[in-house]
>>> print(open('structure.cif').read())   # mmCIF, C-alpha atoms and all ligand atoms
data_target
#
loop_
_atom_site.label_atom_id
_atom_site.label_comp_id
_atom_site.auth_asym_id
_atom_site.auth_seq_id
_atom_site.Cartn_x
_atom_site.Cartn_y
_atom_site.Cartn_z
CA MET O 1 12.23 -41.46 -11.91
CA MET O 2 14.52 -38.79 -10.51
CA GLY O 3 14.24 -35.11 -11.25
CA LEU O 4 10.76 -34.88 -12.73
CA PRO O 5 8.80 -31.69 -12.01
CA GLN O 6 6.58 -32.03 -8.94
CA VAL O 7 3.86 -29.79 -10.30
CA VAL O 8 2.37 -29.53 -13.77
CA THR O 9 -0.07 -27.03 -15.27
CA MET O 10 -2.57 -28.46 -17.70
CA ARG O 11 -3.93 -26.29 -20.52
CA GLU O 12 -7.29 -27.56 -21.69
CA VAL O 13 -7.84 -27.25 -25.45
CA GLY O 14 -10.91 -29.46 -25.87
CA THR O 15 -13.40 -26.80 -26.83
CA ARG O 16 -10.93 -25.43 -29.42
CA ASP O 17 -8.65 -28.12 -30.88
CA GLY O 18 -11.13 -30.75 -29.74
CA ILE O 19 -14.08 -29.66 -31.83
CA GLN O 20 -12.70 -27.31 -34.50
CA SER O 21 -12.66 -29.98 -37.18
CA LEU O 22 -16.01 -31.59 -36.43
CA GLY O 23 -18.36 -31.33 -39.34
CA ALA O 24 -21.58 -30.98 -37.35
CA PHE O 25 -21.80 -27.62 -35.57
CA VAL O 26 -21.72 -28.07 -31.82
CA PRO O 27 -24.41 -25.73 -30.47
CA THR O 28 -22.97 -22.64 -28.79
CA GLU O 29 -24.92 -23.39 -25.60
CA GLN O 30 -23.16 -26.74 -25.30
CA LYS O 31 -19.75 -25.21 -25.89
CA ILE O 32 -20.48 -22.75 -23.08
CA GLU O 33 -21.76 -25.51 -20.81
CA MET O 34 -18.59 -27.55 -21.42
CA ALA O 35 -16.26 -24.56 -20.94
CA ASN O 36 -17.91 -23.74 -17.62
CA ALA O 37 -17.84 -27.37 -16.49
CA LEU O 38 -14.12 -27.55 -17.33
CA ALA O 39 -13.56 -24.32 -15.41
CA ARG O 40 -14.94 -26.06 -12.30
CA THR O 41 -12.41 -28.91 -12.37
CA GLY O 42 -9.54 -26.80 -11.05
CA LEU O 43 -8.15 -25.92 -14.49
CA THR O 44 -6.43 -22.55 -14.52
CA ARG O 45 -5.83 -22.29 -18.25
CA ILE O 46 -8.36 -23.02 -20.99
CA GLU O 47 -7.89 -22.44 -24.71
CA VAL O 48 -11.62 -22.13 -25.04
CA THR O 49 -12.01 -21.11 -28.68
CA SER O 50 -10.23 -19.47 -31.59
CA PHE O 51 -10.77 -16.15 -33.30
CA VAL O 52 -10.18 -17.39 -36.81
CA SER O 53 -11.98 -16.84 -40.08
CA PRO O 54 -15.44 -18.45 -39.89
CA LYS O 55 -14.98 -19.41 -43.53
CA ALA O 56 -11.82 -21.34 -42.65
CA VAL O 57 -13.23 -22.95 -39.48
CA PRO O 58 -17.05 -22.66 -39.30
CA GLN O 59 -17.09 -24.48 -35.94
CA MET O 60 -15.40 -21.48 -34.27
CA ALA O 61 -17.73 -18.84 -35.70
CA ASP O 62 -19.31 -18.36 -32.27
CA ALA O 63 -16.06 -17.47 -30.48
CA ALA O 64 -17.24 -14.06 -29.28
CA VAL O 65 -20.56 -15.43 -28.01
CA VAL O 66 -18.79 -18.19 -26.10
CA MET O 67 -16.33 -15.72 -24.57
CA GLY O 68 -19.21 -13.47 -23.57
CA ALA O 69 -21.03 -16.21 -21.68
CA ILE O 70 -18.33 -18.08 -19.77
CA GLU O 71 -17.88 -17.71 -16.04
CA ARG O 72 -14.89 -15.70 -14.88
CA PRO O 73 -13.70 -17.15 -11.60
CA PRO O 74 -10.52 -15.57 -10.19
CA GLY O 75 -7.32 -17.38 -11.18
CA LEU O 76 -8.71 -18.82 -14.40
CA SER O 77 -7.17 -17.71 -17.68
CA TRP O 78 -9.31 -17.98 -20.82
CA GLU O 79 -6.80 -17.95 -23.63
CA PRO O 80 -8.08 -18.27 -27.20
CA LEU O 81 -5.98 -18.98 -30.25
CA VAL O 82 -5.51 -16.20 -32.80
CA PRO O 83 -3.93 -16.47 -36.27
CA ASN O 84 -3.61 -12.78 -37.17
CA LEU O 85 -4.20 -9.20 -36.03
CA VAL O 86 -7.91 -9.29 -36.91
CA GLY O 87 -8.29 -12.30 -34.63
CA ALA O 88 -6.23 -10.67 -31.89
CA ARG O 89 -8.41 -7.57 -31.88
CA ARG O 90 -11.58 -9.67 -31.74
CA ALA O 91 -10.12 -11.75 -28.90
CA LEU O 92 -9.13 -8.68 -26.89
CA GLU O 93 -12.58 -7.18 -27.37
CA ALA O 94 -13.99 -10.42 -25.98
CA ARG O 95 -11.93 -9.97 -22.79
CA SER O 96 -9.32 -12.68 -23.26
CA ASP O 97 -6.90 -13.19 -20.39
CA ARG O 98 -4.07 -14.22 -22.72
CA LEU O 99 -3.66 -14.66 -26.46
CA VAL O 100 -2.16 -17.70 -28.10
CA VAL O 101 -0.70 -16.73 -31.46
CA VAL O 102 -0.19 -19.63 -33.81
CA LEU O 103 2.23 -20.35 -36.60
CA ALA O 104 3.93 -23.46 -37.91
CA ALA O 105 7.55 -24.51 -38.20
CA SER O 106 7.04 -25.56 -41.83
CA ASP O 107 5.94 -23.22 -44.62
CA THR O 108 3.72 -25.75 -46.39
CA PHE O 109 1.64 -26.38 -43.29
CA ASN O 110 1.50 -22.68 -42.42
CA LEU O 111 0.25 -21.88 -45.93
CA LYS O 112 -2.44 -24.58 -45.72
CA ASN O 113 -3.47 -23.62 -42.20
CA ILE O 114 -3.35 -19.83 -42.17
CA LYS O 115 -2.48 -18.94 -45.76
CA MET O 116 0.82 -17.24 -45.01
CA THR O 117 4.48 -18.11 -44.99
CA VAL O 118 6.17 -18.50 -41.63
CA ASP O 119 7.94 -15.17 -42.19
CA ASP O 120 4.61 -13.45 -42.83
CA SER O 121 3.23 -15.00 -39.64
CA LEU O 122 6.17 -13.58 -37.70
CA THR O 123 5.51 -10.16 -39.22
CA GLY O 124 1.88 -10.48 -38.13
CA ILE O 125 2.87 -11.53 -34.61
CA ALA O 126 5.13 -8.46 -34.42
CA GLN O 127 1.97 -6.37 -34.95
CA ILE O 128 -0.12 -8.32 -32.44
CA ILE O 129 2.27 -8.04 -29.50
CA PRO O 130 2.13 -4.24 -29.00
CA VAL O 131 -1.67 -4.33 -29.31
CA ALA O 132 -1.91 -7.04 -26.66
CA ARG O 133 0.59 -5.21 -24.43
CA GLU O 134 -1.44 -2.04 -24.68
CA ALA O 135 -4.42 -4.06 -23.41
CA GLY O 136 -2.29 -5.60 -20.64
CA VAL O 137 -2.75 -9.11 -22.03
CA PRO O 138 0.20 -11.56 -22.23
CA VAL O 139 0.94 -13.49 -25.40
CA SER O 140 2.00 -17.12 -25.83
CA ALA O 141 3.01 -18.56 -29.16
CA GLY O 142 2.23 -22.04 -30.38
CA ILE O 143 4.43 -23.57 -33.07
CA ALA O 144 2.58 -26.23 -35.06
CA THR O 145 4.46 -29.06 -36.79
CA SER O 146 7.45 -28.61 -34.46
CA PHE O 147 8.18 -32.34 -34.50
CA GLY O 148 7.38 -33.07 -38.12
CA CYS O 149 5.16 -31.82 -40.92
CA PRO O 150 2.59 -34.02 -42.67
CA TYR O 151 3.55 -32.36 -45.97
CA GLU O 152 7.30 -31.70 -45.63
CA GLY O 153 8.34 -34.50 -43.28
CA ASP O 154 11.23 -33.86 -40.90
CA VAL O 155 11.47 -30.44 -39.33
CA PRO O 156 15.08 -29.73 -38.32
CA GLU O 157 15.68 -28.77 -34.70
CA VAL O 158 17.64 -25.71 -35.83
CA ARG O 159 14.53 -24.53 -37.67
CA VAL O 160 12.40 -24.80 -34.53
CA GLN O 161 15.07 -23.05 -32.46
CA GLU O 162 15.28 -20.26 -35.03
CA ILE O 163 11.53 -19.65 -34.78
CA VAL O 164 11.59 -19.83 -30.98
CA GLY O 165 14.38 -17.24 -30.97
CA ARG O 166 12.47 -14.90 -33.26
CA LEU O 167 9.27 -15.22 -31.23
CA LEU O 168 11.12 -14.41 -28.03
CA GLU O 169 12.76 -11.38 -29.67
CA LEU O 170 9.29 -10.20 -30.64
CA GLY O 171 8.24 -10.41 -26.98
CA VAL O 172 6.10 -13.52 -26.52
CA ASP O 173 6.45 -14.68 -22.93
CA GLU O 174 5.83 -18.40 -23.42
CA VAL O 175 6.26 -20.83 -26.29
CA GLY O 176 4.36 -24.04 -26.92
CA LEU O 177 5.70 -26.68 -29.27
CA ALA O 178 2.96 -28.63 -30.99
CA ASP O 179 3.04 -32.05 -32.55
CA THR O 180 0.07 -31.36 -34.78
CA THR O 181 -0.26 -34.80 -36.33
CA GLY O 182 1.31 -37.12 -33.77
CA MET O 183 4.70 -37.56 -35.45
CA ALA O 184 6.90 -37.00 -32.37
CA ASN O 185 8.57 -39.81 -30.47
CA PRO O 186 9.93 -39.62 -26.91
CA VAL O 187 13.62 -39.64 -27.87
CA GLN O 188 13.02 -36.76 -30.27
CA VAL O 189 11.03 -34.81 -27.67
CA GLU O 190 13.74 -35.20 -25.07
CA ARG O 191 16.45 -34.13 -27.52
CA MET O 192 14.48 -31.17 -28.86
CA LEU O 193 13.34 -29.86 -25.48
CA GLY O 194 16.69 -30.60 -23.88
CA GLY O 195 18.34 -28.35 -26.46
CA ILE O 196 15.73 -25.62 -26.26
CA ARG O 197 15.56 -25.55 -22.48
CA SER O 198 19.30 -25.33 -22.08
CA ARG O 199 19.40 -22.44 -24.56
CA TRP O 200 16.49 -20.57 -22.91
CA PRO O 201 16.35 -21.82 -19.30
CA GLU O 202 14.22 -18.88 -18.09
CA VAL O 203 11.47 -19.21 -20.68
CA PRO O 204 8.34 -21.26 -19.93
CA PHE O 205 7.81 -23.87 -22.63
CA GLY O 206 4.67 -25.90 -23.14
CA LEU O 207 4.02 -29.08 -25.09
CA HIS O 208 1.03 -29.97 -27.21
CA PHE O 209 0.79 -33.59 -28.26
CA HIS O 210 -1.68 -35.45 -30.42
CA ASN O 211 -2.08 -39.15 -29.84
CA THR O 212 -2.49 -39.94 -33.52
CA ARG O 213 -0.02 -42.81 -33.39
CA GLY O 214 -0.28 -43.75 -29.72
CA MET O 215 2.88 -41.91 -28.64
CA GLY O 216 1.16 -39.08 -26.77
CA LEU O 217 1.60 -40.11 -23.14
CA ALA O 218 5.13 -41.35 -23.73
CA ASN O 219 5.91 -37.93 -25.20
CA VAL O 220 4.49 -36.23 -22.11
CA VAL O 221 6.90 -38.27 -19.97
CA ALA O 222 9.75 -37.33 -22.29
CA GLY O 223 8.80 -33.68 -21.84
CA LEU O 224 8.72 -34.11 -18.07
CA ARG O 225 12.25 -35.51 -18.20
CA THR O 226 13.40 -32.18 -19.65
CA GLY O 227 11.55 -30.24 -16.95
CA VAL O 228 8.64 -28.93 -19.05
CA GLN O 229 5.71 -28.12 -16.77
CA ILE O 230 2.94 -26.99 -19.14
CA TYR O 231 0.95 -29.54 -21.16
CA ASP O 232 -1.97 -29.05 -23.52
CA ALA O 233 -4.60 -31.76 -23.59
CA SER O 234 -8.21 -32.13 -24.57
CA ILE O 235 -11.03 -33.60 -22.61
CA GLY O 236 -11.86 -37.13 -23.75
CA GLY O 237 -8.94 -36.99 -26.21
CA ILE O 238 -10.96 -35.30 -28.93
CA GLY O 239 -9.23 -33.12 -31.47
CA GLY O 240 -7.56 -32.60 -34.78
CA CYS O 241 -6.72 -29.90 -37.26
CA PRO O 242 -8.90 -29.44 -40.35
CA PHE O 243 -5.81 -28.53 -42.40
CA ALA O 244 -3.66 -31.52 -41.44
CA PRO O 245 -4.34 -34.83 -43.16
CA LYS O 246 -5.15 -37.66 -40.73
CA ALA O 247 -4.93 -35.41 -37.69
CA THR O 248 -6.68 -36.96 -34.71
CA GLY O 249 -7.19 -36.19 -31.05
CA ASN O 250 -4.94 -34.53 -28.54
CA VAL O 251 -3.71 -36.50 -25.57
CA SER O 252 -6.71 -36.81 -23.30
CA THR O 253 -6.74 -34.43 -20.34
CA GLU O 254 -8.06 -36.98 -17.88
CA ASP O 255 -5.60 -39.64 -19.07
CA VAL O 256 -2.63 -37.27 -18.66
CA VAL O 257 -3.87 -36.07 -15.27
CA HIS O 258 -4.46 -39.64 -14.12
CA MET O 259 -0.94 -40.62 -15.17
CA LEU O 260 0.62 -37.58 -13.50
CA HIS O 261 -1.24 -38.20 -10.23
CA GLU O 262 -0.20 -41.87 -10.27
CA MET O 263 3.39 -40.67 -10.75
CA GLY O 264 3.08 -38.38 -7.71
CA ILE O 265 2.98 -35.17 -9.76
CA GLU O 266 0.47 -32.53 -8.70
CA THR O 267 -1.90 -30.82 -11.08
CA GLY O 268 -4.41 -29.27 -8.69
CA LEU O 269 -7.16 -30.88 -10.76
CA ASP O 270 -10.16 -32.93 -9.73
CA LEU O 271 -9.81 -36.12 -11.80
CA ASP O 272 -13.37 -37.29 -11.10
CA ALA O 273 -14.74 -33.98 -12.29
CA LEU O 274 -12.63 -34.25 -15.45
CA ILE O 275 -13.95 -37.75 -16.10
CA ARG O 276 -17.50 -36.43 -15.73
CA CYS O 277 -16.67 -33.69 -18.27
CA ALA O 278 -15.32 -36.30 -20.69
CA GLN O 279 -18.50 -38.34 -20.29
CA ARG O 280 -20.65 -35.28 -20.86
CA MET O 281 -18.59 -34.41 -23.95
CA SER O 282 -19.23 -37.91 -25.23
CA GLU O 283 -22.99 -37.35 -24.75
CA ILE O 284 -22.84 -33.97 -26.48
CA LEU O 285 -20.96 -35.36 -29.48
CA GLY O 286 -23.04 -38.53 -29.50
CA ARG O 287 -20.11 -40.91 -29.77
CA ASP O 288 -17.37 -42.76 -27.95
CA LEU O 289 -14.25 -40.68 -27.30
CA PRO O 290 -10.64 -41.87 -27.40
CA GLY O 291 -9.98 -41.21 -23.68
CA GLN O 292 -9.18 -44.40 -21.79
CA VAL O 293 -9.51 -43.54 -18.10
CA MET O 294 -13.06 -42.31 -18.73
CA LYS O 295 -13.88 -45.92 -19.67
CA ALA O 296 -11.63 -47.98 -17.38
CA GLY O 297 -11.77 -45.68 -14.37
CA PRO O 298 -8.69 -44.71 -12.33
CA VAL O 299 -6.34 -47.50 -11.19
CA GLY O 300 -7.59 -46.89 -7.65
CA ILE O 301 -11.05 -48.34 -8.30
CA ARG O 302 -11.74 -51.86 -7.04
CA HIS O 303 -14.20 -54.25 -8.60
CA ALA O 304 -16.34 -56.73 -6.75
CA ALA O 305 -14.42 -60.03 -6.66
N1 LIG Q 401 -11.43 -13.70 -37.63
C1 LIG Q 401 -12.52 -13.47 -38.40
N2 LIG Q 401 -12.47 -13.11 -39.68
C2 LIG Q 401 -11.24 -12.98 -40.23
C3 LIG Q 401 -10.08 -13.19 -39.50
C4 LIG Q 401 -10.21 -13.56 -38.15
N3 LIG Q 401 -9.13 -13.80 -37.39
N4 LIG Q 401 -9.04 -12.97 -40.30
C5 LIG Q 401 -9.52 -12.63 -41.49
N5 LIG Q 401 -10.85 -12.63 -41.46
C6 LIG Q 401 -11.78 -12.35 -42.55
C7 LIG Q 401 -11.44 -11.07 -43.25
O1 LIG Q 401 -12.05 -9.99 -42.60
C8 LIG Q 401 -12.00 -11.30 -44.64
O2 LIG Q 401 -13.39 -11.18 -44.58
P1 LIG Q 401 -14.24 -10.78 -45.88
O3 LIG Q 401 -14.05 -11.91 -46.85
O4 LIG Q 401 -15.63 -10.71 -45.35
O5 LIG Q 401 -13.66 -9.49 -46.34
C9 LIG Q 401 -11.70 -12.76 -44.85
O6 LIG Q 401 -11.61 -13.35 -43.54
C10 LIG Q 401 -10.42 -13.01 -45.62
O7 LIG Q 401 -9.34 -12.32 -44.95
P2 LIG Q 401 -7.83 -12.66 -45.27
O8 LIG Q 401 -6.97 -11.87 -44.37
O9 LIG Q 401 -7.59 -12.59 -46.73
O10 LIG Q 401 -7.74 -14.15 -44.76
P3 LIG Q 401 -7.34 -15.45 -45.56
O11 LIG Q 401 -8.43 -15.88 -46.44
O12 LIG Q 401 -5.97 -15.26 -46.14
O13 LIG Q 401 -7.23 -16.51 -44.36
C11 LIG Q 401 -6.83 -16.76 -42.00
C12 LIG Q 401 -6.26 -16.35 -43.34
C13 LIG Q 401 -5.65 -16.79 -41.03
C14 LIG Q 401 -7.85 -15.75 -41.57
C15 LIG Q 401 -7.52 -18.14 -42.13
O14 LIG Q 401 -6.72 -19.01 -42.86
C16 LIG Q 401 -7.81 -18.75 -40.78
O15 LIG Q 401 -8.63 -18.25 -40.03
N6 LIG Q 401 -7.14 -19.86 -40.42
C17 LIG Q 401 -7.30 -20.50 -39.16
C18 LIG Q 401 -7.05 -21.97 -39.30
C19 LIG Q 401 -7.20 -22.69 -37.98
O16 LIG Q 401 -7.91 -22.29 -37.10
N7 LIG Q 401 -6.46 -23.80 -37.86
C20 LIG Q 401 -6.50 -24.60 -36.69
C21 LIG Q 401 -5.79 -24.02 -35.54
S1 LIG Q 401 -4.05 -24.04 -35.67
ZN ZN Q 402 -3.48 -29.51 -31.85
#
>>> encode(input="structure.cif", output="structure tokens", more="lines below")
Ligand code: COA
Ligand code: ZN
Amino acid sequence: MMGLPQVVTMREVGTRDGIQSLGAFVPTEQKIEMANALARTGLTRIEVTSFVSPKAVPQMADAAVVMGAIERPPGLSWEPLVPNLVGARRALEARSDRLVVVLAASDTFNLKNIKMTVDDSLTGIAQIIPVAREAGVPVSAGIATSFGCPYEGDVPEVRVQEIVGRLLELGVDEVGLADTTGMANPVQVERMLGGIRSRWPEVPFGLHFHNTRGMGLANVVAGLRTGVQIYDASIGGIGGCPFAPKATGNVSTEDVVHMLHEMGIETGLDLDALIRCAQRMSEILGRDLPGQVMKAGPVGIRHAA
């Protein structure tokens, strides 16, 4: 395929999106172990946790402890998700390298997820940005339900563009579009990102896909065709949002990285180390994970005839 980016940056979200909706509390020690193991695979960006209400998401109640214990190698950005100013202040206190503010494109989902309208989220983000700036910490924004809402259905492209425009006016320096419940298809992704990237060619955009309906990797390729170079993924393909019905795992980090490497696209990541992380995550959670390359191995392996 002509014109695909030659280099991609992966953002690992496994210890956040991956486990936030699990019922059984994953011990803090194991979250820290996994975060540090991921940090040794060559990843440069890890959405390690979220500073959200522990009543809303009990699994993330240990965010500050996790942030206090992780290794801090140079070049690695630990970038937790924050829903509001309280979360932003907690995340800055915990020495975050970047904040990821979150809102949705649809009001119904935003109200379920963070109990505010989209407009109120934007007002909150307007308060977060100066506080982060003061601390010298950059801010990305993630827009949930950008490709469809499990409550409202279709989300018009103009709606997503309007929110992107408002976020950029407020001063976020990167925008991620999230397909929270795996509703996006590749044609839609290419159309949406084509439009957005031609309107804001200088802005870095990221994509966050869930593989809920098996369209995740195809959507990554669609994103590549529009030149997007930042992809969220979770180790082993775990994941899901507690406030989205039927939400399941993100695209699996090692599956995306394997595909990119096979396509000749560089990630700077050690695929074998990622596969070992996925296997360890499977041990920690005590179950099989959706990731496929962790089971089949890379295409390069040869079996005894
Ligand atoms: N971190 C920790 N505690 C927080 C908090 C945060 N970011 N934001 C609010 N709180 C606390 C308040 O201090 C207050 O505590 P109190 O009851 O002891 O006084 C309580 O939570 C309620 O605060 P309020 O501002 O009224 O929050 P809310 O009940 O309207 O909930 C959110 C709003 C955003 C805090 C909550 O919905 C949330 O954390 N959502 C995150 C959902 C999520 O992570 N989804 C998946 C990722 S997209
Ligand atoms: Zn997600």
>>> residues_near_ligand(input="structure.cif", ligand="ligand LIG 401 (chain Q)", cutoff="8 Å", atoms="only C-alpha atoms and all ligand atoms", output="ChimeraX atom specification")
/O:17,20,50-57,61,81-88,90,102-103,112-116,144,241-243
>>> closest_atom_pairs(input="structure.cif", of="chain O", to="ligand ZN 402 (chain Q)", cutoff="12 Å", atoms="only C-alpha atoms and all ligand atoms", output="JSON lines")
{"residue": "O:Arg11", "atom": "CA", "partner": "Q:ZN402", "partner_atom": "ZN", "distance": 11.8}
{"residue": "O:Glu12", "atom": "CA", "partner": "Q:ZN402", "partner_atom": "ZN", "distance": 11.0}
{"residue": "O:Val13", "atom": "CA", "partner": "Q:ZN402", "partner_atom": "ZN", "distance": 8.1}
{"residue": "O:Gly14", "atom": "CA", "partner": "Q:ZN402", "partner_atom": "ZN", "distance": 9.5}
{"residue": "O:Thr15", "atom": "CA", "partner": "Q:ZN402", "partner_atom": "ZN", "distance": 11.4}
{"residue": "O:Arg16", "atom": "CA", "partner": "Q:ZN402", "partner_atom": "ZN", "distance": 8.8}
{"residue": "O:Asp17", "atom": "CA", "partner": "Q:ZN402", "partner_atom": "ZN", "distance": 5.4}
{"residue": "O:Gly18", "atom": "CA", "partner": "Q:ZN402", "partner_atom": "ZN", "distance": 8.0}
{"residue": "O:Ile19", "atom": "CA", "partner": "Q:ZN402", "partner_atom": "ZN", "distance": 10.6}
{"residue": "O:Gln20", "atom": "CA", "partner": "Q:ZN402", "partner_atom": "ZN", "distance": 9.8}
{"residue": "O:Ser21", "atom": "CA", "partner": "Q:ZN402", "partner_atom": "ZN", "distance": 10.6}
{"residue": "O:Glu47", "atom": "CA", "partner": "Q:ZN402", "partner_atom": "ZN", "distance": 11.0}
{"residue": "O:Leu81", "atom": "CA", "partner": "Q:ZN402", "partner_atom": "ZN", "distance": 10.9}
{"residue": "O:Val102", "atom": "CA", "partner": "Q:ZN402", "partner_atom": "ZN", "distance": 10.6}
{"residue": "O:Leu103", "atom": "CA", "partner": "Q:ZN402", "partner_atom": "ZN", "distance": 11.8}
{"residue": "O:Ala104", "atom": "CA", "partner": "Q:ZN402", "partner_atom": "ZN", "distance": 11.3}
{"residue": "O:Asn113", "atom": "CA", "partner": "Q:ZN402", "partner_atom": "ZN", "distance": 11.9}
{"residue": "O:Gly142", "atom": "CA", "partner": "Q:ZN402", "partner_atom": "ZN", "distance": 9.5}
{"residue": "O:Ile143", "atom": "CA", "partner": "Q:ZN402", "partner_atom": "ZN", "distance": 10.0}
{"residue": "O:Ala144", "atom": "CA", "partner": "Q:ZN402", "partner_atom": "ZN", "distance": 7.6}
{"residue": "O:Thr145", "atom": "CA", "partner": "Q:ZN402", "partner_atom": "ZN", "distance": 9.4}
{"residue": "O:Ser146", "atom": "CA", "partner": "Q:ZN402", "partner_atom": "ZN", "distance": 11.3}
{"residue": "O:Gly176", "atom": "CA", "partner": "Q:ZN402", "partner_atom": "ZN", "distance": 10.8}
{"residue": "O:Leu177", "atom": "CA", "partner": "Q:ZN402", "partner_atom": "ZN", "distance": 9.9}
{"residue": "O:Ala178", "atom": "CA", "partner": "Q:ZN402", "partner_atom": "ZN", "distance": 6.6}
{"residue": "O:Asp179", "atom": "CA", "partner": "Q:ZN402", "partner_atom": "ZN", "distance": 7.0}
{"residue": "O:Thr180", "atom": "CA", "partner": "Q:ZN402", "partner_atom": "ZN", "distance": 5.0}
{"residue": "O:Thr181", "atom": "CA", "partner": "Q:ZN402", "partner_atom": "ZN", "distance": 7.6}
{"residue": "O:Gly182", "atom": "CA", "partner": "Q:ZN402", "partner_atom": "ZN", "distance": 9.2}
{"residue": "O:Leu207", "atom": "CA", "partner": "Q:ZN402", "partner_atom": "ZN", "distance": 10.1}
{"residue": "O:His208", "atom": "CA", "partner": "Q:ZN402", "partner_atom": "ZN", "distance": 6.5}
{"residue": "O:Phe209", "atom": "CA", "partner": "Q:ZN402", "partner_atom": "ZN", "distance": 6.9}
{"residue": "O:His210", "atom": "CA", "partner": "Q:ZN402", "partner_atom": "ZN", "distance": 6.4}
{"residue": "O:Asn211", "atom": "CA", "partner": "Q:ZN402", "partner_atom": "ZN", "distance": 9.9}
{"residue": "O:Thr212", "atom": "CA", "partner": "Q:ZN402", "partner_atom": "ZN", "distance": 10.6}
{"residue": "O:Gly216", "atom": "CA", "partner": "Q:ZN402", "partner_atom": "ZN", "distance": 11.8}
{"residue": "O:Tyr231", "atom": "CA", "partner": "Q:ZN402", "partner_atom": "ZN", "distance": 11.6}
{"residue": "O:Asp232", "atom": "CA", "partner": "Q:ZN402", "partner_atom": "ZN", "distance": 8.5}
{"residue": "O:Ala233", "atom": "CA", "partner": "Q:ZN402", "partner_atom": "ZN", "distance": 8.6}
{"residue": "O:Ser234", "atom": "CA", "partner": "Q:ZN402", "partner_atom": "ZN", "distance": 9.1}
{"residue": "O:Gly237", "atom": "CA", "partner": "Q:ZN402", "partner_atom": "ZN", "distance": 10.8}
{"residue": "O:Ile238", "atom": "CA", "partner": "Q:ZN402", "partner_atom": "ZN", "distance": 9.9}
{"residue": "O:Gly239", "atom": "CA", "partner": "Q:ZN402", "partner_atom": "ZN", "distance": 6.8}
{"residue": "O:Gly240", "atom": "CA", "partner": "Q:ZN402", "partner_atom": "ZN", "distance": 5.9}
{"residue": "O:Cys241", "atom": "CA", "partner": "Q:ZN402", "partner_atom": "ZN", "distance": 6.3}
{"residue": "O:Pro242", "atom": "CA", "partner": "Q:ZN402", "partner_atom": "ZN", "distance": 10.1}
{"residue": "O:Phe243", "atom": "CA", "partner": "Q:ZN402", "partner_atom": "ZN", "distance": 10.8}
{"residue": "O:Ala244", "atom": "CA", "partner": "Q:ZN402", "partner_atom": "ZN", "distance": 9.8}
{"residue": "O:Ala247", "atom": "CA", "partner": "Q:ZN402", "partner_atom": "ZN", "distance": 8.4}
{"residue": "O:Thr248", "atom": "CA", "partner": "Q:ZN402", "partner_atom": "ZN", "distance": 8.6}
{"residue": "O:Gly249", "atom": "CA", "partner": "Q:ZN402", "partner_atom": "ZN", "distance": 7.7}
{"residue": "O:Asn250", "atom": "CA", "partner": "Q:ZN402", "partner_atom": "ZN", "distance": 6.2}
{"residue": "O:Val251", "atom": "CA", "partner": "Q:ZN402", "partner_atom": "ZN", "distance": 9.4}
{"residue": "O:Ser252", "atom": "CA", "partner": "Q:ZN402", "partner_atom": "ZN", "distance": 11.7}
>>> atom_distance(input="structure.cif", atom1="CA of Val172 (chain O)", atom2="CA of Ile196 (chain O)")
15.5 Å
>>> atom_distance(input="structure.cif", atom1="CA of Glu93 (chain O)", atom2="CA of Asp62 (chain O)")
13.9 Å
>>> residues_around(input="structure.cif", residues="region 185-193 of chain O", least_positions_apart="5", cutoff="10 Å", atoms="all atoms listed in the file", output="PDB file with C-alpha atoms, in the coordinates of the input")
ATOM      1  CA  SER O 146       7.450 -28.610 -34.460  1.00  0.00           C
ATOM      2  CA  PHE O 147       8.180 -32.340 -34.500  1.00  0.00           C
ATOM      3  CA  PRO O 156      15.080 -29.730 -38.320  1.00  0.00           C
ATOM      4  CA  GLU O 157      15.680 -28.770 -34.700  1.00  0.00           C
ATOM      5  CA  VAL O 158      17.640 -25.710 -35.830  1.00  0.00           C
ATOM      6  CA  VAL O 160      12.400 -24.800 -34.530  1.00  0.00           C
ATOM      7  CA  GLN O 161      15.070 -23.050 -32.460  1.00  0.00           C
ATOM      8  CA  LEU O 177       5.700 -26.680 -29.270  1.00  0.00           C
ATOM      9  CA  ASP O 179       3.040 -32.050 -32.550  1.00  0.00           C
ATOM     10  CA  SER O 198      19.300 -25.330 -22.080  1.00  0.00           C
ATOM     11  CA  ARG O 199      19.400 -22.440 -24.560  1.00  0.00           C
ATOM     12  CA  PHE O 205       7.810 -23.870 -22.630  1.00  0.00           C
ATOM     13  CA  GLY O 206       4.670 -25.900 -23.140  1.00  0.00           C
ATOM     14  CA  LEU O 207       4.020 -29.080 -25.090  1.00  0.00           C
ATOM     15  CA  ARG O 213      -0.020 -42.810 -33.390  1.00  0.00           C
ATOM     16  CA  GLY O 214      -0.280 -43.750 -29.720  1.00  0.00           C
ATOM     17  CA  MET O 215       2.880 -41.910 -28.640  1.00  0.00           C
ATOM     18  CA  GLY O 216       1.160 -39.080 -26.770  1.00  0.00           C
ATOM     19  CA  LEU O 217       1.600 -40.110 -23.140  1.00  0.00           C
ATOM     20  CA  ALA O 218       5.130 -41.350 -23.730  1.00  0.00           C
ATOM     21  CA  ASN O 219       5.910 -37.930 -25.200  1.00  0.00           C
ATOM     22  CA  VAL O 220       4.490 -36.230 -22.110  1.00  0.00           C
ATOM     23  CA  VAL O 221       6.900 -38.270 -19.970  1.00  0.00           C
ATOM     24  CA  ALA O 222       9.750 -37.330 -22.290  1.00  0.00           C
ATOM     25  CA  GLY O 223       8.800 -33.680 -21.840  1.00  0.00           C
ATOM     26  CA  LEU O 224       8.720 -34.110 -18.070  1.00  0.00           C
ATOM     27  CA  ARG O 225      12.250 -35.510 -18.200  1.00  0.00           C
ATOM     28  CA  THR O 226      13.400 -32.180 -19.650  1.00  0.00           C
ATOM     29  CA  GLY O 227      11.550 -30.240 -16.950  1.00  0.00           C
ATOM     30  CA  VAL O 228       8.640 -28.930 -19.050  1.00  0.00           C
TER      31      VAL O 228
END
